[in-house]
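Source file my_file_0.txt; content: compact mmCIF, C-alpha atoms and all ligand atoms.
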# COMPACT_ATOMS: atom_id res chain seq x y z
CA MET W 1 4.84 -25.88 -10.53
CA GLN W 2 6.93 -23.72 -12.86
CA ILE W 3 10.35 -22.89 -11.37
CA THR W 4 12.94 -20.44 -12.73
CA GLU W 5 15.75 -21.32 -10.31
CA ILE W 6 16.62 -22.72 -6.90
CA TYR W 7 19.86 -21.50 -5.37
CA LYS W 8 21.61 -20.61 -2.15
CA SER W 9 22.68 -17.06 -1.34
CA ILE W 10 22.53 -14.38 1.33
CA GLN W 11 19.08 -13.02 2.20
CA GLY W 12 19.16 -9.37 1.20
CA GLU W 13 15.93 -7.51 1.84
CA SER W 14 14.22 -8.01 5.20
CA THR W 15 15.00 -8.35 8.90
CA TYR W 16 16.56 -11.69 7.85
CA ALA W 17 19.09 -9.85 5.65
CA GLY W 18 22.58 -11.27 5.95
CA LEU W 19 21.54 -14.85 6.73
CA PRO W 20 22.27 -17.76 4.38
CA CYS W 21 19.07 -18.65 2.56
CA VAL W 22 17.87 -21.05 -0.14
CA PHE W 23 15.75 -19.23 -2.72
CA VAL W 24 12.98 -20.94 -4.66
CA ARG W 25 12.16 -18.58 -7.52
CA LEU W 26 8.89 -19.29 -9.27
CA THR W 27 8.23 -18.37 -12.89
CA GLY W 28 5.65 -15.78 -13.93
CA CYS W 29 4.38 -12.41 -12.73
CA ASN W 30 1.18 -10.52 -13.42
CA LEU W 31 2.76 -7.10 -12.67
CA ARG W 32 5.37 -5.15 -14.65
CA CYS W 33 7.20 -2.91 -12.17
CA THR W 34 9.31 -0.28 -13.91
CA TRP W 35 12.43 -1.13 -11.86
CA CYS W 36 11.92 -4.93 -11.87
CA ASP W 37 15.24 -6.82 -11.69
CA SER W 38 13.57 -10.21 -12.16
CA GLU W 39 12.17 -9.92 -15.69
CA TYR W 40 13.95 -13.17 -16.56
CA THR W 41 11.32 -14.94 -14.44
CA PHE W 42 8.41 -13.81 -16.62
CA GLN W 43 8.80 -16.79 -18.96
CA GLY W 44 10.51 -20.13 -19.24
CA GLY W 45 11.51 -22.14 -16.22
CA ARG W 46 10.89 -25.85 -15.76
CA LYS W 47 8.07 -27.89 -14.31
CA MET W 48 8.85 -29.45 -10.93
CA THR W 49 6.68 -31.29 -8.43
CA VAL W 50 6.39 -30.20 -4.82
CA GLU W 51 8.57 -33.15 -3.84
CA GLU W 52 11.25 -32.33 -6.43
CA VAL W 53 11.47 -28.75 -5.15
CA ARG W 54 11.64 -29.97 -1.57
CA GLU W 55 14.46 -32.41 -2.40
CA GLU W 56 16.49 -29.62 -3.98
CA VAL W 57 15.91 -27.35 -0.98
CA VAL W 58 16.98 -30.14 1.39
CA ARG W 59 20.12 -30.70 -0.72
CA LEU W 60 21.13 -27.03 -0.53
CA SER W 61 19.90 -26.02 2.91
CA ALA W 62 21.28 -26.52 6.38
CA PRO W 63 18.81 -28.36 8.67
CA GLY W 64 16.27 -25.85 9.95
CA GLY W 65 17.65 -23.25 7.57
CA LEU W 66 16.04 -20.27 5.92
CA VAL W 67 14.08 -20.78 2.70
CA GLU W 68 12.56 -17.94 0.67
CA ILE W 69 9.75 -18.52 -1.80
CA THR W 70 9.95 -15.73 -4.38
CA GLY W 71 9.47 -14.95 -8.06
CA GLY W 72 7.97 -13.51 -10.16
CA GLU W 73 4.81 -13.73 -8.10
CA PRO W 74 4.70 -17.06 -6.28
CA MET W 75 1.03 -16.81 -5.29
CA LEU W 76 0.02 -17.10 -8.95
CA GLN W 77 0.81 -20.81 -8.42
CA GLU W 78 -1.07 -20.99 -5.14
CA LYS W 79 -2.40 -24.51 -5.63
CA GLU W 80 1.11 -25.92 -5.54
CA VAL W 81 3.06 -23.31 -3.62
CA VAL W 82 0.84 -23.49 -0.53
CA PRO W 83 1.44 -27.27 -0.07
CA LEU W 84 5.16 -26.68 -0.77
CA MET W 85 5.40 -24.04 1.97
CA GLN W 86 3.57 -26.31 4.43
CA ARG W 87 5.90 -29.19 3.57
CA LEU W 88 8.97 -27.02 4.17
CA VAL W 89 7.54 -25.75 7.48
CA ASP W 90 6.89 -29.38 8.49
CA ASP W 91 10.54 -30.16 7.65
CA GLY W 92 11.59 -27.55 10.20
CA SER W 93 12.65 -24.80 7.77
CA LYS W 94 12.04 -21.12 8.44
CA VAL W 95 10.01 -20.15 5.38
CA LEU W 96 9.72 -16.62 3.98
CA LEU W 97 7.24 -15.72 1.23
CA GLU W 98 8.04 -12.66 -0.91
CA THR W 99 4.85 -11.43 -2.59
CA SER W 100 3.33 -8.24 -3.96
CA GLY W 101 0.11 -8.90 -2.02
CA GLU W 102 -1.94 -8.58 -5.20
CA ARG W 103 -3.19 -12.19 -4.87
CA PRO W 104 -5.16 -13.43 -1.81
CA LEU W 105 -2.91 -14.45 1.09
CA GLU W 106 -5.52 -16.14 3.29
CA ARG W 107 -4.27 -19.64 2.53
CA VAL W 108 -0.59 -19.00 3.29
CA PRO W 109 0.36 -21.37 6.17
CA ALA W 110 0.41 -19.60 9.54
CA ASP W 111 4.09 -20.33 10.23
CA VAL W 112 5.27 -18.70 6.99
CA VAL W 113 6.70 -15.17 7.28
CA LYS W 114 5.02 -13.02 4.64
CA ILE W 115 7.20 -10.22 3.22
CA VAL W 116 4.69 -8.12 1.32
CA ASP W 117 6.01 -5.65 -1.24
CA VAL W 118 3.31 -2.97 -1.43
CA LYS W 119 3.79 -1.19 -4.74
CA CYS W 120 4.33 2.58 -4.77
CA PRO W 121 3.36 5.05 -7.56
CA ASN W 122 6.72 5.06 -9.39
CA SER W 123 6.65 1.27 -9.72
CA GLY W 124 3.98 1.59 -12.39
CA ALA W 125 1.96 -0.98 -10.41
CA ALA W 126 0.35 1.34 -7.84
CA ASN W 127 -2.94 0.31 -6.24
CA THR W 128 -2.35 -3.38 -6.91
CA PHE W 129 -2.09 -4.35 -3.23
CA ARG W 130 -5.24 -6.23 -2.16
CA LEU W 131 -6.39 -4.36 0.94
CA GLU W 132 -8.19 -7.46 2.29
CA ASN W 133 -4.71 -8.93 2.78
CA LEU W 134 -4.11 -6.53 5.68
CA ALA W 135 -6.31 -8.82 7.79
CA THR W 136 -3.95 -11.75 7.11
CA LEU W 137 -0.86 -9.98 8.50
CA THR W 138 0.59 -11.09 11.81
CA SER W 139 3.34 -9.92 14.14
CA ARG W 140 5.84 -12.15 12.30
CA ASP W 141 5.19 -10.58 8.88
CA GLU W 142 6.94 -7.67 7.18
CA ILE W 143 5.76 -4.95 4.79
CA LYS W 144 8.22 -3.55 2.30
CA PHE W 145 8.02 -0.40 0.17
CA VAL W 146 10.53 -0.03 -2.67
CA LEU W 147 11.01 3.68 -3.25
CA ALA W 148 12.19 5.56 -6.32
CA GLY W 149 11.46 9.14 -5.25
CA ARG W 150 9.61 11.55 -2.97
CA ALA W 151 6.12 10.56 -4.22
CA ASP W 152 6.84 6.93 -3.30
CA TYR W 153 8.14 7.95 0.11
CA GLU W 154 5.02 10.01 0.85
CA PHE W 155 2.78 7.15 -0.31
CA ALA W 156 4.63 4.68 1.96
CA ARG W 157 4.58 7.07 4.92
CA GLU W 158 0.82 7.67 4.58
CA PHE W 159 -0.01 4.00 3.95
CA THR W 160 1.98 3.11 7.08
CA ARG W 161 0.06 5.61 9.18
CA GLN W 162 -3.37 5.07 7.66
CA HIS W 163 -3.30 1.30 8.17
CA ASN W 164 -1.41 1.33 11.48
CA LEU W 165 1.19 -1.02 10.06
CA ALA W 166 3.45 -0.59 13.09
CA GLY W 167 0.76 -2.26 15.19
CA ARG W 168 0.26 -5.12 12.73
CA VAL W 169 3.63 -6.43 11.58
CA ASN W 170 7.13 -7.23 12.77
CA ALA W 171 8.81 -4.69 10.49
CA ILE W 172 8.11 -1.98 7.94
CA LEU W 173 10.90 -1.65 5.41
CA PHE W 174 11.60 1.43 3.29
CA SER W 175 14.08 0.43 0.62
CA PRO W 176 15.55 2.55 -2.22
CA ALA W 177 14.97 0.98 -5.65
CA PHE W 178 18.03 -0.07 -7.62
CA ARG W 179 18.41 0.91 -11.26
CA LYS W 180 17.35 -2.16 -13.21
CA ASP W 181 20.27 -1.73 -15.63
CA ALA W 182 22.76 -1.33 -12.76
CA THR W 183 26.03 -3.08 -13.39
CA GLY W 184 29.57 -2.89 -12.08
CA ALA W 185 29.71 -0.54 -9.10
CA ARG W 186 28.34 -2.08 -5.90
CA ASP W 187 27.38 1.16 -4.21
CA SER W 188 24.45 3.46 -3.52
CA SER W 189 25.07 5.53 -6.67
CA GLN W 190 23.06 2.75 -8.38
CA CYS W 191 19.97 3.54 -6.29
CA LEU W 192 17.10 5.48 -7.85
CA LEU W 193 16.65 7.22 -4.49
CA ASP W 194 19.73 8.27 -2.52
CA PRO W 195 19.66 6.35 0.81
CA GLN W 196 20.99 9.45 2.59
CA GLN W 197 18.05 11.48 1.32
CA LEU W 198 15.65 8.74 2.39
CA ALA W 199 17.24 8.59 5.85
CA GLU W 200 16.79 12.35 6.26
CA TRP W 201 13.10 12.18 5.28
CA MET W 202 12.48 9.26 7.65
CA LEU W 203 14.18 11.01 10.55
CA ALA W 204 12.31 14.26 9.90
CA ASP W 205 8.94 12.48 9.92
CA ASN W 206 9.64 9.93 12.69
CA VAL W 207 8.44 7.15 10.43
CA PRO W 208 8.20 3.82 12.34
CA ALA W 209 10.07 1.97 9.59
CA ARG W 210 13.57 0.67 9.02
CA LEU W 211 15.67 1.75 6.08
CA GLY W 212 16.62 -1.31 4.07
CA LEU W 213 19.28 -1.68 1.42
CA GLN W 214 19.33 -4.60 -1.01
CA LEU W 215 22.33 -6.24 0.60
CA HIS W 216 23.05 -8.64 -2.27
CA LYS W 217 23.50 -5.68 -4.65
CA PHE W 218 26.38 -4.49 -2.47
CA ILE W 219 27.99 -7.93 -2.28
CA TRP W 220 27.79 -9.00 -5.92
CA ASP W 221 27.69 -7.08 -9.21
CA PRO W 222 24.09 -5.79 -9.35
CA ALA W 223 23.70 -7.33 -12.82
CA VAL W 224 24.43 -10.85 -11.60
CA LYS W 225 21.35 -13.09 -11.29
CA GLY W 226 20.96 -16.13 -9.07
CA VAL W 227 22.68 -14.53 -6.07
S1 LIG U 301 6.08 -7.90 -8.72
FE1 LIG U 301 8.27 -8.40 -8.53
S2 LIG U 301 8.70 -9.83 -10.21
FE2 LIG U 301 6.72 -8.85 -10.66
S3 LIG U 301 7.24 -7.13 -11.99
FE3 LIG U 301 7.17 -6.34 -9.90
S4 LIG U 301 9.31 -6.51 -9.13
FE4 LIG U 301 9.13 -7.79 -10.97

Is it possible to give me this structure as structure tokens?
Ligand code: SF4
Amino acid sequence: MQITEIYKSIQGESTYAGLPCVFVRLTGCNLRCTWCDSEYTFQGGRKMTVEEVREEVVRLSAPGGLVEITGGEPMLQEKEVVPLMQRLVDDGSKVLLETSGERPLERVPADVVKIVDVKCPNSGAANTFRLENLATLTSRDEIKFVLAGRADYEFAREFTRQHNLAGRVNAILFSPAFRKDATGARDSSQCLLDPQQLAEWMLADNVPARLGLQLHKFIWDPAVKGV
């Protein structure tokens, strides 16, 4: 499979935020989100076998540690990434899969936690989520909405209600988008949607979601990759 990078950092965007995690970042994406901070994954990378990726994860990870499969869009390489995830689960790792949900998720191993980033209007990739994937979600999975304004918030709020997400998944995450050219300051002034404004909307509407901040952007310079 084509791999952009494998590295250890702090998980930043889910209910696992704050935990040490080994990230396996696959090359390539079929979407072009306006605020994407991973454009460097669209090309390049290096070919690695499932076993080579596993060996690198084992080298970096604590036994039974957290491993996140991300990209790009990892499910574009389903034929190899599904066996990789199963291998890591068999090794005893806790495996997270970050995906847009545009590709079918039926073959994702049952023990993998799916973190599905449903795209909102301001992403420029609206309506790309494959609705059939709702049937694959379990009580260990998480749905994330990255929000850049009021239209995104209203979309996420209605999608949450319409599809009864609170009854399907472990967590619903509403997360302000970061400016893709953010650099220097590690604070919420770099967000496209003010977290305080988002909090007020969520409280006013009693949305059954948790407000998420991209923790790694507050720890390291937002421009730094591989963290
Ligand atoms: S799906 Fe992810 S990697 Fe692909 S363009 Fe959107 S934010 Fe970037």

- Residue nearest ligand LIG 301 (chain U) - candidates W:Ala126, W:Ala171, W:Ala223, W:Leu60, atoms counted: only C-alpha atoms and all ligand atoms: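 Checking each candidate against ligand LIG 301 (chain U), we get W:Ala126 as the closest.
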
- Give as a list in words the residues surrounding ligand LIG 301 (chain U) up to a distance of 7 Å, considering only C-alpha atoms and all ligand atoms. Cys29, Asn30, Leu31, Arg32, Cys33, Trp35, Cys36, Asp37, Ser38, Glu39, Gly71, Gly72, Glu73 and Ser100 of chain W

- Message: For Ile10 (chain W), find every residue with an atom within 10 Å (counting only C-alpha atoms), except residues of its own chain fewer than 3 positions away, and show them as a list in words.
- Response: Glu13, Tyr16, Ala17, Gly18, Leu19, Pro20, Cys21, Val22, Phe23, Leu66, Leu215, His216, Ile219 and Val227 of chain W

- W:Val89, W:Val50, W:Ala209, W:Val67: which is nearest Phe145 (chain W), counting only C-alpha atoms? W:Ala209

- Using all atoms listed in the file, pick whichever of W:Leu96, W:Val113, W:Val224, W:Val82 has the shortest atom-to-atom distance to Ser139 (chain W).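 Of W:Leu96, W:Val113, W:Val224, W:Val82, the one nearest Ser139 (chain W) is W:Val113, counting all atoms listed in the file.
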
Could you list as an mmCIF file with C-alpha atoms, in the frame of the given file every residue that has an atom within 6 Å of (7.9, -17.1, 7.2), using the file's coordinates and counting all atoms listed in the file?
data_model
loop_
_atom_site.group_PDB
_atom_site.id
_atom_site.type_symbol
_atom_site.label_atom_id
_atom_site.label_comp_id
_atom_site.auth_asym_id
_atom_site.auth_seq_id
_atom_site.Cartn_x
_atom_site.Cartn_y
_atom_site.Cartn_z
ATOM 1 C CA LYS W 94 12.040 -21.120 8.440
ATOM 2 C CA VAL W 95 10.010 -20.150 5.380
ATOM 3 C CA LEU W 96 9.720 -16.620 3.980
ATOM 4 C CA ASP W 111 4.090 -20.330 10.230
ATOM 5 C CA VAL W 112 5.270 -18.700 6.990
ATOM 6 C CA VAL W 113 6.700 -15.170 7.280
ATOM 7 C CA LYS W 114 5.020 -13.020 4.640
#

- Query: Pick the closest to Ile69 (chain W) from W:Gln11, W:Cys191, W:Glu106, W:Tyr40: which is it, counting all atoms listed in the file?
  - Reply: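 Ranking W:Gln11, W:Cys191, W:Glu106, W:Tyr40 by distance to Ile69 (chain W), first place goes to W:Gln11.
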
- Task: Could you please give me, as a list in words, the residues of protein, DNA or RNA lying at most 8 Å from (12.2, -21.3, -18.8) in the coordinate frame of the file, considering only C-alpha atoms?
- Result: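 The residues near that point, listed by chain and number, are Ile3, Thr4, Thr27, Thr41, Gln43, Gly44, Gly45 and Arg46 of chain W.
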
- Task: Tell me, in Å to one decimal, how far CA of Ala166 (chain W) is from CA of Leu134 (chain W).
- Result: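 Here the two named atoms are 12.1 Å from each other.
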
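Here CA of Gln214 (chain W) and CA of Ala62 (chain W) stand 23.2 Å from one another.
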
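In this model, the gap between CA of Ile143 (chain W) and CA of Lys79 (chain W) comes to 23.6 Å.
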
- Task: Select, from W:Gln197, W:Thr15, W:Thr183, W:Ser188, the residue with the minimum atom-to-atom distance to Ile115 (chain W), counting all atoms listed in the file.
- Result: W:Thr15

- Task: Write out as a list in words each polymer residue whose atoms come within 9 Å of Thr136 (chain W), counting all atoms listed in the file; drop sequence neighbours fewer than 2 positions from it.
- Result: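 That gives Leu105, Glu106, Val108, Glu132, Asn133, Leu134 and Thr138 of chain W.
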
Per-axis box centre and lengths in Å around region 174-182 of chain W, 8 Å margin per side, axis-aligned, as JSON:
{"center_x": 17.2, "center_y": 0.2, "center_z": -6.2, "size_x": 27.2, "size_y": 20.7, "size_z": 34.9}

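Distance annotation: of W:Val81, W:Ala185, W:Leu131, W:Cys120, the residue with the minimal separation from Gly149 (chain W) is W:Cys120; atom set is only C-alpha atoms.
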
Just add N, CA and C atoms to region 72-85 of chain W and send it as a tab-separated table (two decimals), in the frame of the given file.
chain	number	residue	atom	x	y	z
W	72	GLY	N	9.36	-13.30	-9.83
W	72	GLY	CA	7.97	-13.51	-10.16
W	72	GLY	C	7.02	-13.31	-8.97
W	73	GLU	N	5.81	-13.78	-9.17
W	73	GLU	CA	4.81	-13.73	-8.10
W	73	GLU	C	4.42	-15.16	-7.74
W	74	PRO	N	4.94	-15.65	-6.61
W	74	PRO	CA	4.70	-17.06	-6.28
W	74	PRO	C	3.24	-17.41	-6.08
W	75	MET	N	2.43	-16.47	-5.61
W	75	MET	CA	1.03	-16.81	-5.29
W	75	MET	C	0.17	-17.00	-6.54
W	76	LEU	N	0.73	-16.73	-7.73
W	76	LEU	CA	0.02	-17.10	-8.95
W	76	LEU	C	-0.06	-18.62	-9.09
W	77	GLN	N	0.81	-19.34	-8.39
W	77	GLN	CA	0.81	-20.81	-8.42
W	77	GLN	C	0.39	-21.33	-7.04
W	78	GLU	N	-0.64	-20.70	-6.51
W	78	GLU	CA	-1.07	-20.99	-5.14
W	78	GLU	C	-1.36	-22.46	-4.88
W	79	LYS	N	-1.99	-23.12	-5.86
W	79	LYS	CA	-2.40	-24.51	-5.63
W	79	LYS	C	-1.23	-25.41	-5.28
W	80	GLU	N	-0.07	-25.10	-5.84
W	80	GLU	CA	1.11	-25.92	-5.54
W	80	GLU	C	2.03	-25.29	-4.51
W	81	VAL	N	2.09	-23.96	-4.51
W	81	VAL	CA	3.06	-23.31	-3.62
W	81	VAL	C	2.60	-23.37	-2.16
W	82	VAL	N	1.30	-23.39	-1.91
W	82	VAL	CA	0.84	-23.49	-0.53
W	82	VAL	C	1.24	-24.85	0.07
W	83	PRO	N	0.96	-25.98	-0.61
W	83	PRO	CA	1.44	-27.27	-0.07
W	83	PRO	C	2.97	-27.32	0.07
W	84	LEU	N	3.69	-26.70	-0.88
W	84	LEU	CA	5.16	-26.68	-0.77
W	84	LEU	C	5.59	-25.97	0.51
W	85	MET	N	5.01	-24.79	0.77
W	85	MET	CA	5.40	-24.04	1.97
W	85	MET	C	5.09	-24.85	3.22
